[in-house]
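Okay, structure_35.txt now, which holds compact mmCIF, C-alpha atoms:
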```txt
# COMPACT_ATOMS: atom_id res chain seq x y z
CA MET A 1 -21.92 -10.66 30.23
CA ASP A 2 -18.21 -9.95 30.62
CA GLU A 3 -15.96 -8.39 28.01
CA GLU A 4 -14.31 -11.63 26.98
CA THR A 5 -17.65 -13.23 26.22
CA LEU A 6 -18.81 -10.19 24.29
CA VAL A 7 -15.66 -10.34 22.19
CA GLU A 8 -16.23 -14.02 21.48
CA TYR A 9 -19.80 -13.38 20.43
CA ALA A 10 -18.72 -10.46 18.29
CA GLN A 11 -16.07 -12.60 16.63
CA GLU A 12 -18.83 -14.99 15.66
CA GLY A 13 -20.63 -12.13 13.94
CA ASP A 14 -22.90 -10.93 16.73
CA LEU A 15 -23.19 -7.23 15.99
CA THR A 16 -25.22 -6.57 19.12
CA ALA A 17 -22.41 -7.93 21.28
CA PHE A 18 -19.91 -5.77 19.43
CA ASN A 19 -22.10 -2.71 19.87
CA ARG A 20 -22.05 -3.25 23.62
CA LEU A 21 -18.27 -3.08 23.42
CA VAL A 22 -18.61 0.08 21.32
CA LEU A 23 -20.75 1.70 23.99
CA ALA A 24 -18.21 0.75 26.65
CA TYR A 25 -15.23 2.22 24.80
CA GLN A 26 -16.62 4.96 22.59
CA ASP A 27 -15.75 7.75 25.04
CA ILE A 28 -12.10 6.82 25.37
CA ALA A 29 -11.90 6.17 21.63
CA TYR A 30 -13.34 9.57 20.88
CA ASN A 31 -11.11 11.29 23.44
CA VAL A 32 -7.95 9.71 22.07
CA ALA A 33 -9.02 10.57 18.53
CA TYR A 34 -9.83 14.15 19.47
CA ARG A 35 -6.53 14.72 21.30
CA ILE A 36 -4.57 13.30 18.37
CA MET A 37 -6.60 14.98 15.62
CA GLY A 38 -7.34 18.24 17.40
CA ASP A 39 -10.71 18.56 15.69
CA HIS A 40 -14.10 17.33 16.83
CA ALA A 41 -15.50 16.43 13.43
CA ALA A 42 -12.31 14.64 12.39
CA ALA A 43 -12.24 12.80 15.72
CA GLU A 44 -15.82 11.72 15.24
CA ASP A 45 -15.10 10.37 11.79
CA SER A 46 -11.94 8.63 12.93
CA ALA A 47 -13.65 6.99 15.89
CA GLN A 48 -16.46 5.73 13.67
CA VAL A 49 -14.05 4.40 11.06
CA ALA A 50 -11.97 2.78 13.80
CA PHE A 51 -14.96 0.88 15.15
CA ILE A 52 -15.85 -0.34 11.68
CA LYS A 53 -12.26 -1.46 11.15
CA ALA A 54 -12.23 -3.12 14.55
CA TYR A 55 -15.35 -5.12 13.72
CA ARG A 56 -13.87 -6.24 10.43
CA LYS A 57 -10.55 -7.14 12.03
CA LEU A 58 -12.01 -8.97 15.01
CA ASP A 59 -10.53 -12.24 13.79
CA THR A 60 -7.07 -10.77 14.34
CA PHE A 61 -7.74 -10.17 18.03
CA LYS A 62 -6.03 -13.05 19.78
CA GLY A 63 -6.77 -12.18 23.37
CA GLY A 64 -5.22 -9.78 25.83
CA SER A 65 -6.61 -6.33 26.48
CA PHE A 66 -9.44 -5.46 24.12
CA LYS A 67 -9.08 -1.81 25.09
CA VAL A 68 -5.42 -1.75 24.08
CA TRP A 69 -6.20 -3.53 20.82
CA LEU A 70 -9.03 -1.11 20.07
CA ILE A 71 -7.08 2.05 20.94
CA ARG A 72 -4.28 0.87 18.67
CA ILE A 73 -6.78 0.78 15.81
CA VAL A 74 -8.01 4.23 16.81
CA THR A 75 -4.52 5.76 16.80
CA ASN A 76 -3.63 4.12 13.50
CA THR A 77 -6.88 5.34 11.99
CA CYS A 78 -6.07 8.85 13.18
CA TYR A 79 -2.65 8.68 11.53
CA ASP A 80 -4.30 7.50 8.30
CA GLU A 81 -6.84 10.30 8.44
CA ILE A 82 -4.13 12.89 9.10
CA ARG A 83 -2.22 11.63 6.08
CA LYS A 84 -5.36 11.70 3.96
CA SER A 85 -6.32 15.17 5.10
CA LYS A 86 -2.92 16.43 3.99
CA ARG A 87 -3.59 15.03 0.52
CA ARG A 88 -7.19 16.07 0.08
CA PRO A 89 -9.96 17.82 2.02
CA THR A 90 -12.36 15.56 3.86
CA THR A 91 -16.08 15.68 4.34
CA PRO A 92 -17.62 14.73 7.67
CA LEU A 93 -18.80 11.16 7.85
CA GLN A 94 -22.30 10.89 9.21
CA PRO A 95 -23.94 7.49 9.33
CA LEU A 96 -27.32 7.78 7.68
CA ASN A 97 -30.17 5.34 7.58
CA GLU A 98 -32.29 4.55 4.56
CA TYR A 99 -34.22 7.80 5.06
CA ASP A 100 -30.98 9.86 5.05
CA GLU A 101 -31.35 10.60 8.74
CA GLU A 102 -28.65 10.29 11.35
CA TYR A 103 -28.86 7.17 13.43
CA ASP A 104 -28.07 8.73 16.74
CA SER A 105 -28.84 12.09 18.14
CA PRO A 106 -25.88 14.06 19.52
CA ARG A 107 -25.20 13.84 23.21
CA TRP A 108 -24.26 16.70 25.49
CA MET A 109 -20.52 17.13 25.57
CA THR A 110 -20.47 19.03 28.89
CA ASP A 111 -21.36 17.86 32.33
CA PRO A 112 -24.86 19.21 33.05
CA GLY A 113 -23.99 19.54 36.76
CA GLU A 114 -21.05 21.85 36.09
CA LEU A 115 -21.28 25.57 36.97
CA PRO A 116 -20.88 28.03 34.08
CA GLU A 117 -17.63 29.53 35.48
CA GLU A 118 -16.14 26.10 35.96
CA ALA A 119 -17.19 25.14 32.49
CA VAL A 120 -15.47 28.22 31.06
CA VAL A 121 -12.26 27.54 32.95
CA ARG A 122 -12.26 23.93 31.91
CA GLU A 123 -12.93 24.90 28.34
CA GLU A 124 -10.05 27.40 28.38
CA MET A 125 -7.70 24.82 29.83
CA SER A 126 -8.85 22.17 27.39
CA ARG A 127 -8.24 24.55 24.52
CA ALA A 128 -4.77 25.46 25.80
CA ILE A 129 -3.86 21.82 26.22
CA GLN A 130 -5.12 20.97 22.77
CA GLU A 131 -3.24 23.82 21.13
CA CYS A 132 -0.03 22.68 22.80
CA LEU A 133 -0.69 19.06 21.88
CA ASP A 134 -1.15 20.09 18.26
CA ARG A 135 2.38 21.48 18.24
CA LEU A 136 3.91 18.13 19.14
CA LYS A 137 4.98 15.53 16.66
CA ASN A 138 2.50 12.71 16.11
CA ASN A 139 4.46 10.00 17.92
CA ALA A 140 5.18 12.15 20.98
CA ARG A 141 1.62 13.47 21.08
CA THR A 142 0.15 9.95 21.03
CA VAL A 143 2.25 8.84 24.00
CA VAL A 144 1.43 11.86 26.14
CA VAL A 145 -2.26 11.52 25.27
CA LEU A 146 -2.28 7.87 26.24
CA VAL A 147 -0.26 8.21 29.46
CA ASP A 148 -1.05 11.66 30.83
CA VAL A 149 -4.44 12.53 29.35
CA GLN A 150 -5.96 9.05 29.38
CA GLY A 151 -4.05 7.77 32.40
CA MET A 152 -2.72 4.58 30.86
CA ASP A 153 0.45 3.00 32.16
CA TYR A 154 3.69 2.66 30.23
CA ALA A 155 3.10 -0.99 29.37
CA GLU A 156 -0.29 -0.26 27.81
CA ALA A 157 1.11 2.65 25.83
CA ALA A 158 4.02 0.50 24.65
CA GLU A 159 1.60 -2.18 23.49
CA ILE A 160 -0.57 0.32 21.66
CA ILE A 161 2.27 1.97 19.77
CA ARG A 162 4.14 -1.33 19.48
CA LYS A 163 7.38 0.08 20.79
CA PRO A 164 9.57 -0.87 23.77
CA LEU A 165 9.14 0.78 27.15
CA GLY A 166 12.29 2.81 26.62
CA THR A 167 10.73 4.45 23.59
CA VAL A 168 7.64 5.31 25.60
CA LYS A 169 9.80 6.87 28.32
CA SER A 170 11.81 9.00 25.94
CA ARG A 171 8.82 10.09 23.85
CA LEU A 172 6.86 10.92 26.97
CA ALA A 173 9.69 13.01 28.39
CA ARG A 174 10.05 14.84 25.08
CA ALA A 175 6.32 15.46 24.90
CA ARG A 176 6.14 16.69 28.48
CA LYS A 177 9.01 19.04 27.85
CA GLY A 178 7.21 20.42 24.80
CA MET A 179 3.94 20.75 26.69
CA GLN A 180 5.68 22.46 29.60
CA ASP A 181 7.32 25.02 27.36
CA CYS A 182 4.07 25.65 25.52
CA LEU A 183 1.76 25.85 28.54
CA GLN A 184 3.99 28.44 30.19
CA GLY A 185 2.80 30.80 27.51
CA TYR A 186 -0.77 30.50 28.76
CA GLY A 187 0.15 31.47 32.35
CA GLU A 188 -2.86 33.23 33.85
CA LEU A 189 -5.31 31.38 31.65
CA LEU A 190 -4.69 28.24 33.65
CA PRO A 191 -6.13 27.71 37.12
CA SER A 192 -3.56 28.55 39.79
CA ILE A 193 -2.96 24.95 40.77
CA TYR A 194 -1.97 24.18 37.20
CA ARG A 195 0.28 27.18 36.64
CA LEU A 196 3.68 25.91 35.82
CA GLU A 197 5.91 28.51 37.46
CA PRO A 198 6.06 28.06 41.23
CA GLU A 199 4.66 31.02 43.11
CA LYS A 200 7.34 33.14 44.77
CA SER A 201 6.95 33.51 48.52
CA MET B 1 12.49 25.19 35.05
CA ASN B 2 16.20 24.71 34.80
CA PRO B 3 17.28 25.62 31.28
CA ASN B 4 20.53 23.71 31.73
CA LEU B 5 18.75 20.44 32.30
CA SER B 6 19.93 17.81 29.87
CA THR B 7 17.57 15.60 27.89
CA ARG B 8 18.76 12.61 29.87
CA ASP B 9 18.04 14.35 33.17
CA PHE B 10 14.60 15.32 31.92
CA GLU B 11 13.89 11.71 30.92
CA SER B 12 15.02 10.55 34.35
CA LEU B 13 12.80 13.08 36.09
CA SER B 14 9.84 12.14 33.91
CA ALA B 15 10.26 8.43 34.60
CA TYR B 16 10.92 9.14 38.30
CA LEU B 17 7.65 11.03 38.49
CA ASP B 18 5.80 7.98 37.19
CA GLY B 19 7.71 5.55 39.39
CA GLN B 20 9.29 3.98 36.30
CA LEU B 21 12.95 4.55 37.20
CA PRO B 22 15.07 1.51 38.17
CA GLU B 23 16.14 1.43 41.82
CA ARG B 24 19.78 2.32 41.25
CA GLU B 25 18.98 5.28 39.03
CA LYS B 26 16.24 6.32 41.40
CA ALA B 27 18.64 6.39 44.37
CA ARG B 28 21.20 8.33 42.34
CA LEU B 29 18.60 10.87 41.21
CA GLU B 30 17.24 11.33 44.72
CA ALA B 31 20.76 12.02 45.98
CA ARG B 32 21.14 14.72 43.33
CA LEU B 33 17.72 16.17 44.14
CA ASP B 34 18.73 16.62 47.76
CA GLN B 35 21.61 18.87 46.72
CA ASP B 36 20.44 20.50 43.47
CA THR B 37 17.65 23.06 43.91
CA GLY B 38 17.47 23.61 40.15
CA LEU B 39 16.73 19.92 39.68
CA GLN B 40 14.06 20.15 42.39
CA GLN B 41 12.38 23.04 40.59
CA ALA B 42 12.50 21.14 37.33
CA LEU B 43 10.80 18.19 39.03
CA GLN B 44 8.09 20.45 40.46
CA SER B 45 7.50 22.11 37.13
CA LEU B 46 7.27 18.74 35.42
CA GLU B 47 4.85 17.53 38.06
CA ARG B 48 2.60 20.55 37.38
CA THR B 49 2.69 19.85 33.68
CA ARG B 50 1.61 16.30 34.29
CA ARG B 51 -1.12 17.48 36.64
CA THR B 52 -2.39 19.91 34.01
CA LEU B 53 -2.50 17.21 31.38
CA ARG B 54 -4.26 14.81 33.70
CA ALA B 55 -6.84 17.51 34.40
CA ALA B 56 -7.69 17.82 30.73
CA PRO B 57 -11.44 17.46 30.43
CA ARG B 58 -12.64 14.05 29.35
CA LEU B 59 -15.03 14.54 26.51
CA ARG B 60 -18.00 12.35 26.01
CA ALA B 61 -18.58 10.94 22.58
CA PRO B 62 -20.91 13.33 20.73
CA ARG B 63 -23.01 10.40 19.56
CA ASN B 64 -23.08 6.66 19.72
CA PHE B 65 -20.70 4.93 17.37
CA THR B 66 -22.67 1.70 17.32
CA LEU B 67 -22.59 -0.10 14.02
CA THR B 68 -25.47 -1.07 11.80
CA PRO B 69 -25.57 -4.06 9.47
CA GLU B 70 -25.35 -1.66 6.53
CA MET B 71 -22.13 -0.17 7.86
CA VAL B 72 -20.38 -3.50 8.13
CA GLN B 73 -21.73 -5.06 4.95
CA SER B 74 -19.62 -2.98 2.61
CA ARG B 75 -16.75 -5.38 2.92
CA SER B 76 -14.26 -6.04 0.22
CA PRO B 77 -15.36 -8.56 -2.38
CA ARG B 78 -13.94 -12.01 -1.94
CA PHE B 79 -12.05 -11.88 -5.21
CA LEU B 80 -10.18 -8.71 -4.24
CA PRO B 81 -7.09 -10.59 -2.98
CA ALA B 82 -7.01 -12.46 -6.29
CA VAL B 83 -7.12 -9.17 -8.19
CA ARG B 84 -4.29 -7.79 -6.09
CA PHE B 85 -2.27 -10.96 -6.68
CA ALA B 86 -2.95 -10.80 -10.42
CA PHE B 87 -1.86 -7.18 -10.48
CA ALA B 88 1.39 -7.94 -8.67
CA LEU B 89 2.09 -10.99 -10.83
CA ALA B 90 1.29 -9.22 -14.09
CA THR B 91 3.46 -6.27 -13.15
CA LEU B 92 6.32 -8.61 -12.33
CA MET B 93 5.87 -10.52 -15.59
CA PHE B 94 5.74 -7.28 -17.53
CA VAL B 95 9.04 -6.13 -16.08
CA LEU B 96 10.65 -9.54 -16.57
CA SER B 97 9.40 -9.73 -20.17
CA LEU B 98 10.88 -6.36 -20.98
CA ALA B 99 14.13 -7.35 -19.31
CA GLY B 100 14.10 -10.67 -21.19
CA ASN B 101 13.47 -8.94 -24.48
CA TYR B 102 16.35 -6.61 -23.82
CA ALA B 103 18.71 -9.38 -22.71
CA PHE B 104 17.79 -12.04 -25.27
CA ALA B 105 16.65 -9.94 -28.20
CA PRO B 106 19.30 -11.26 -30.69
CA LEU B 107 18.19 -14.83 -30.07
CA ALA B 108 14.53 -14.07 -30.36
CA GLN B 109 14.72 -11.96 -33.53
CA PRO B 110 13.57 -13.74 -36.68
CA SER B 111 16.12 -13.90 -39.53
CA THR B 112 14.07 -11.71 -41.81
CA ALA B 113 13.93 -9.01 -39.23
CA ALA B 114 17.64 -8.46 -39.66
CA MET B 115 17.06 -7.55 -43.29
CA PRO B 116 14.34 -4.98 -43.56
CA ALA B 117 12.77 -4.34 -46.92
CA GLU B 118 14.15 -0.81 -47.08
CA THR B 119 17.73 -2.10 -47.26
CA PHE B 120 17.06 -4.28 -50.23
CA ASP B 121 18.34 -2.88 -53.47
CA MET B 122 18.69 -4.16 -56.95
CA GLU B 123 22.42 -4.73 -56.72
CA GLU B 124 21.94 -7.31 -54.02
CA ALA B 125 19.09 -8.96 -55.80
CA PRO B 126 21.14 -11.38 -57.93
CA GLN B 127 22.95 -12.67 -54.85
CA THR B 128 19.70 -13.25 -53.11
CA LEU B 129 18.27 -14.97 -56.10
CA GLN B 130 21.39 -17.03 -56.48
CA LEU B 131 21.10 -18.28 -52.93
CA GLU B 132 17.53 -19.20 -53.55
CA ALA B 133 18.39 -20.82 -56.83
CA GLN B 134 20.97 -22.98 -55.10
CA GLU B 135 18.39 -24.17 -52.69
CA GLU B 136 15.73 -24.81 -55.26
CA PRO B 137 17.35 -27.73 -57.19
CA LEU B 138 17.64 -29.69 -53.99
CA ALA B 139 13.94 -29.38 -53.52
CA VAL B 140 13.38 -30.41 -57.10
CA GLU B 141 15.74 -33.35 -56.65
CA GLU B 142 13.78 -34.54 -53.66
CA MET B 143 10.64 -34.19 -55.63
CA VAL B 144 12.03 -36.25 -58.44
CA GLU B 145 12.92 -39.05 -56.12
CA GLU B 146 9.38 -39.18 -54.86
CA MET B 147 7.91 -38.91 -58.29
CA SER B 148 6.20 -41.78 -59.99
CA PRO B 149 7.58 -43.22 -63.28
CA GLY B 150 6.57 -41.32 -66.33
CA GLU B 151 6.99 -37.98 -64.74
CA GLY B 152 10.77 -38.07 -64.73
CA GLU B 153 11.31 -35.62 -67.52
CA VAL B 154 8.99 -33.07 -66.20
CA PRO B 155 11.33 -31.75 -63.54
CA ALA B 156 13.93 -31.23 -66.18
CA GLU B 157 11.60 -29.04 -68.11
CA ALA B 158 10.54 -27.27 -64.99
CA GLU B 159 14.12 -26.84 -63.96
CA ALA B 160 15.05 -25.55 -67.33
CA ALA B 161 12.25 -23.05 -67.21
CA ALA B 162 13.39 -21.94 -63.82
CA ALA B 163 17.02 -21.83 -64.82
CA ALA B 164 16.20 -19.68 -67.79
CA GLU B 165 15.06 -17.02 -65.45
CA GLU B 166 18.02 -17.30 -63.13
CA PRO B 167 21.47 -15.75 -63.33
CA VAL B 168 23.94 -17.31 -65.68
CA GLU B 169 26.33 -18.35 -62.93
CA SER B 170 23.88 -20.63 -61.30
CA LEU B 171 22.51 -21.95 -64.56
CA ALA B 172 25.35 -24.33 -65.34
CA GLU B 173 25.44 -25.73 -61.87
CA ASP B 174 21.72 -26.12 -61.78
CA SER B 175 21.69 -27.78 -65.17
CA SER B 176 24.18 -30.35 -64.05
CA ARG B 177 22.18 -30.95 -60.94
CA SER B 178 18.98 -31.27 -62.87
CA GLY B 179 20.77 -33.70 -65.18
CA GLU B 180 21.67 -35.80 -62.21
CA ALA B 181 18.14 -35.60 -61.06
CA MET B 182 17.00 -36.72 -64.46
CA ASP B 183 19.45 -39.60 -64.42
CA ALA B 184 18.15 -40.66 -61.09
CA ALA B 185 14.65 -40.52 -62.40
CA GLY B 186 15.71 -42.43 -65.47
CA GLU B 187 17.24 -45.16 -63.38
CA SER B 188 14.11 -45.51 -61.44
CA ALA B 189 12.02 -45.78 -64.61
CA PRO B 190 14.22 -46.90 -67.53
CA ALA B 191 11.50 -48.65 -69.51
CA GLU B 192 9.24 -45.72 -69.97
CA GLN B 193 10.28 -42.49 -71.46
CA ALA B 194 8.00 -39.84 -70.19
CA PRO B 195 6.23 -37.62 -72.64
CA VAL B 196 7.56 -34.15 -73.11
CA GLU B 197 4.68 -32.43 -71.51
CA GLY B 198 4.42 -32.64 -67.80
CA THR B 199 1.52 -32.62 -65.51
CA PRO B 200 -0.15 -29.36 -64.65
CA THR B 201 0.83 -29.58 -60.99
CA LEU B 202 4.49 -29.77 -61.78
CA LYS B 203 4.19 -26.99 -64.27
CA GLN B 204 3.18 -24.75 -61.47
CA GLN B 205 6.38 -25.40 -59.59
CA PRO B 206 8.62 -22.87 -61.40
CA THR B 207 6.08 -20.13 -60.96
CA SER B 208 6.96 -19.98 -57.30
CA LEU B 209 10.44 -18.80 -58.12
CA PRO B 210 11.04 -15.09 -58.08
CA GLU B 211 10.88 -13.27 -61.33
CA PRO B 212 13.84 -11.18 -62.43
CA GLY B 213 13.80 -7.71 -61.09
CA THR B 214 11.25 -8.40 -58.38
CA GLU B 215 11.93 -8.37 -54.68
CA PRO B 216 11.84 -11.67 -52.87
CA VAL B 217 8.71 -12.29 -50.93
CA GLU B 218 9.45 -11.57 -47.29
CA ALA B 219 8.66 -14.31 -44.85
CA GLN B 220 6.06 -13.43 -42.24
CA PRO B 221 8.14 -12.41 -39.17
CA ALA B 222 7.51 -14.65 -36.18
CA ALA B 223 6.13 -12.80 -33.14
CA ASN B 224 8.75 -12.08 -30.50
CA PRO B 225 7.65 -14.12 -27.46
CA TRP B 226 9.09 -11.53 -25.06
CA ILE B 227 7.07 -8.75 -26.61
CA VAL B 228 3.94 -10.90 -26.64
CA ALA B 229 4.43 -11.74 -22.96
CA ALA B 230 5.07 -8.09 -22.14
CA ALA B 231 1.96 -7.00 -24.00
CA VAL B 232 -0.28 -9.56 -22.34
CA SER B 233 1.09 -9.00 -18.83
CA GLY B 234 1.03 -5.24 -19.34
CA LEU B 235 -2.61 -5.40 -20.38
CA VAL B 236 -3.50 -7.45 -17.31
CA ALA B 237 -1.49 -5.16 -15.04
CA VAL B 238 -3.14 -2.02 -16.40
CA SER B 239 -6.66 -3.41 -16.16
CA THR B 240 -6.28 -4.83 -12.64
CA GLY B 241 -4.38 -1.75 -11.50
CA ALA B 242 -7.10 0.53 -12.82
CA TYR B 243 -9.74 -1.53 -11.02
CA LEU B 244 -7.85 -1.37 -7.72
CA PHE B 245 -7.15 2.35 -8.12
CA PHE B 246 -10.74 3.35 -8.84
CA ARG B 247 -12.08 1.04 -6.17
CA ARG B 248 -9.79 2.58 -3.56
CA ARG B 249 -10.65 6.06 -4.76
CA SER B 250 -14.35 5.43 -4.55
CA ALA B 251 -13.92 3.95 -1.07
```

Since I need it in another form, could you write the structure as structure tokens?
Amino acid sequence: MDEETLVEYAQEGDLTAFNRLVLAYQDIAYNVAYRIMGDHAAAEDSAQVAFIKAYRKLDTFKGGSFKVWLIRIVTNTCYDEIRKSKRRPTTPLQPLNEYDEEYDSPRWMTDPGELPEEAVVREEMSRAIQECLDRLKNNARTVVVLVDVQGMDYAEAAEIIRKPLGTVKSRLARARKGMQDCLQGYGELLPSIYRLEPEKS
Amino acid sequence: MNPNLSTRDFESLSAYLDGQLPEREKARLEARLDQDTGLQQALQSLERTRRTLRAAPRLRAPRNFTLTPEMVQSRSPRFLPAVRFAFALATLMFVLSLAGNYAFAPLAQPSTAAMPAETFDMEEAPQTLQLEAQEEPLAVEEMVEEMSPGEGEVPAEAEAAAAAEEPVESLAEDSSRSGEAMDAAGESAPAEQAPVEGTPTLKQQPTSLPEPGTEPVEAQPAANPWIVAAAVSGLVAVSTGAYLFFRRRSA
């Protein structure tokens, strides 16, 4: 069953069809949420809330890219959660069944085939990137997450943030400049191919 | 990285890196890159930044975010839009009512409200009574015209009793008026001369007049419609607003 059909079924109230869409997009939704929020628990909550909102707002989806529509809800949910967290502390949202047990067991976050040294390096780099992302303003951070981290094109990013392409270009350049300045401080922590200063011959 | 790079140059390099620069600007930038080593270094540095960001580990979702019927059933009640509308409307009416009360207060105030009881003193009492006494004979005159024959003299007695309790100034005028009233009653019933004593109902008429030295009975002030509207709309606004606030808080 293709995505369009799943969306149609979901719009008619078929929760199973919607859950198949959830499974298809939950990784990118969680990644975007984590890069914007900078916290795993907050990202988890935001992703869950975003999927609930998406299901409830399915009637507003009028075609086009479901992924773009969904990621827009994710980013807006993240902004809402950031605003809320500034006003009051939050408690992690865990979906519980009638027996107060979690519905799903956690999955491994790391690639089981990865060597320990590689995993450490990747973890260091991920942490450095996240710390630099956290220093950016929300609107610049979202664009660089969408384009550079998630690999979306300018048009998709523009549709998600509902701004013209020119805004995406300028925000992306600003964000890259900020990331470049910040990542230089990590120097040796980054793998050589990612070090920002060219090696002197 | 070239510290002297302008923001515009950096934007051009960033877009150039992604192949998003228009052809003319692209050609111009490439011409500059051929001659400016600082610009070349800036481009390389930017390219590394982008490569680093693209190499950021993709995390897998720590759990499935699939929804259950329980998670999607907690939807807003159907009447919630109506509550929101009522809140907005009541708030608007409350503000308009207050504004209306402020703007049209002189028109809406009842006449008695302009004369509070505290301002009444005994020196003004005769004037007040006089005004009332001037109005009273007219009422008596009307009553006489409607009266059946045989009761014509009764108003005169009633009027006299009332006049006895009124200031001297108004007494003469009232007596002449009551005489006219009696004449009118006499014309309507010349054959029968009414007995001296009147009927009990007409005897009660003078008792409604104020007694000397007592304050006039204040009329019940009419409710100001602006204040009533403000109170009602304010009550609705507060109740609906409280419902919306606590519902949002609990959510």

Write out as an MDAnalysis selection string each polymer residue whose atoms come within 12 Å of A:Val22, counting only C-alpha atoms; drop sequence neighbours fewer than 5 positions from it.
(chainID A and resid 3 6:7 10 15:17 27:30 47:48 50:52 54:55 66:67 70:71) or (chainID B and resid 61 63:68)

May I have the protein, DNA and RNA residues with any atom at most 9 Å from the point (-7.6, 11.4, 17.8), counting only C-alpha atoms, written as an MDAnalysis selection string?
chainID A and resid 29:40 42:44 46:47 74:75 77:79 142

Do a neighbour search on A:Ile161 at 9 Å with only C-alpha atoms, toss out local chain neighbours closer than 4 positions, and write the hits as a ChimeraX atom specification.
/A:72,75-76,139,142-143,156-157,168

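Distance-wise, atom CA of B:Ile227 and atom CA of B:Phe94 end up 9.3 Å apart.
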
Give me the residues of chain B that have any atom at most 6 Å from an atom of chain A; for each, the nearest atom pair and the distance in Å, rounded to one decimal. Use all atoms listed in the file, sort by chain and number, and format it as JSON lines.
```
{"residue": "B:Glu11", "atom": "CA", "partner": "A:Ala173", "partner_atom": "CA", "distance": 5.1}
{"residue": "B:Ser14", "atom": "CA", "partner": "A:Ala173", "partner_atom": "CA", "distance": 5.6}
{"residue": "B:Ser45", "atom": "CA", "partner": "A:Leu196", "partner_atom": "CA", "distance": 5.5}
{"residue": "B:Arg48", "atom": "CA", "partner": "A:Leu196", "partner_atom": "CA", "distance": 5.7}
{"residue": "B:Thr49", "atom": "CA", "partner": "A:Gln180", "partner_atom": "CA", "distance": 5.7}
{"residue": "B:Thr52", "atom": "CA", "partner": "A:Tyr194", "partner_atom": "CA", "distance": 5.3}
{"residue": "B:Leu53", "atom": "CA", "partner": "A:Val149", "partner_atom": "CA", "distance": 5.5}
{"residue": "B:Arg54", "atom": "CA", "partner": "A:Val149", "partner_atom": "CA", "distance": 4.9}
{"residue": "B:Ala56", "atom": "CA", "partner": "A:Ser126", "partner_atom": "CA", "distance": 5.6}
{"residue": "B:Leu59", "atom": "CA", "partner": "A:Asn31", "partner_atom": "CA", "distance": 5.9}
{"residue": "B:Arg60", "atom": "CA", "partner": "A:Asp27", "partner_atom": "CA", "distance": 5.2}
{"residue": "B:Ala61", "atom": "CA", "partner": "A:Asp27", "partner_atom": "CA", "distance": 4.9}
{"residue": "B:Pro62", "atom": "CA", "partner": "A:Arg107", "partner_atom": "CA", "distance": 5.0}
{"residue": "B:Arg63", "atom": "CA", "partner": "A:Pro106", "partner_atom": "CA", "distance": 4.7}
{"residue": "B:Phe65", "atom": "CA", "partner": "A:Gln48", "partner_atom": "CA", "distance": 5.7}
{"residue": "B:Thr66", "atom": "CA", "partner": "A:Asn19", "partner_atom": "CA", "distance": 5.1}
```

Assuming the input is short of atoms at stretch 43-53 of chain B, produce N, CA and C atoms for that part as an mmCIF file, in the frame of the given file.
```cif
data_model
loop_
_atom_site.group_PDB
_atom_site.id
_atom_site.type_symbol
_atom_site.label_atom_id
_atom_site.label_comp_id
_atom_site.auth_asym_id
_atom_site.auth_seq_id
_atom_site.Cartn_x
_atom_site.Cartn_y
_atom_site.Cartn_z
ATOM 1 N N LEU B 43 11.723 19.286 38.684
ATOM 2 C CA LEU B 43 10.800 18.190 39.030
ATOM 3 C C LEU B 43 9.418 18.745 39.354
ATOM 4 N N GLN B 44 9.389 19.854 40.108
ATOM 5 C CA GLN B 44 8.090 20.450 40.460
ATOM 6 C C GLN B 44 7.364 20.956 39.215
ATOM 7 N N SER B 45 8.109 21.584 38.355
ATOM 8 C CA SER B 45 7.500 22.110 37.130
ATOM 9 C C SER B 45 6.949 20.980 36.261
ATOM 10 N N LEU B 46 7.715 19.901 36.203
ATOM 11 C CA LEU B 46 7.270 18.740 35.420
ATOM 12 C C LEU B 46 6.019 18.114 36.043
ATOM 13 N N GLU B 47 6.012 18.095 37.367
ATOM 14 C CA GLU B 47 4.850 17.530 38.060
ATOM 15 C C GLU B 47 3.608 18.367 37.771
ATOM 16 N N ARG B 48 3.753 19.690 37.705
ATOM 17 C CA ARG B 48 2.600 20.550 37.380
ATOM 18 C C ARG B 48 2.117 20.305 35.945
ATOM 19 N N THR B 49 3.068 20.126 35.077
ATOM 20 C CA THR B 49 2.690 19.850 33.680
ATOM 21 C C THR B 49 1.867 18.573 33.605
ATOM 22 N N ARG B 50 2.349 17.569 34.301
ATOM 23 C CA ARG B 50 1.610 16.300 34.290
ATOM 24 C C ARG B 50 0.235 16.469 34.909
ATOM 25 N N ARG B 51 0.166 17.245 35.983
ATOM 26 C CA ARG B 51 -1.120 17.480 36.640
ATOM 27 C C ARG B 51 -2.084 18.207 35.692
ATOM 28 N N THR B 52 -1.553 19.170 34.970
ATOM 29 C CA THR B 52 -2.390 19.910 34.010
ATOM 30 C C THR B 52 -2.941 18.971 32.943
ATOM 31 N N LEU B 53 -2.058 18.137 32.430
ATOM 32 C CA LEU B 53 -2.500 17.210 31.380
ATOM 33 C C LEU B 53 -3.529 16.215 31.912
#
```
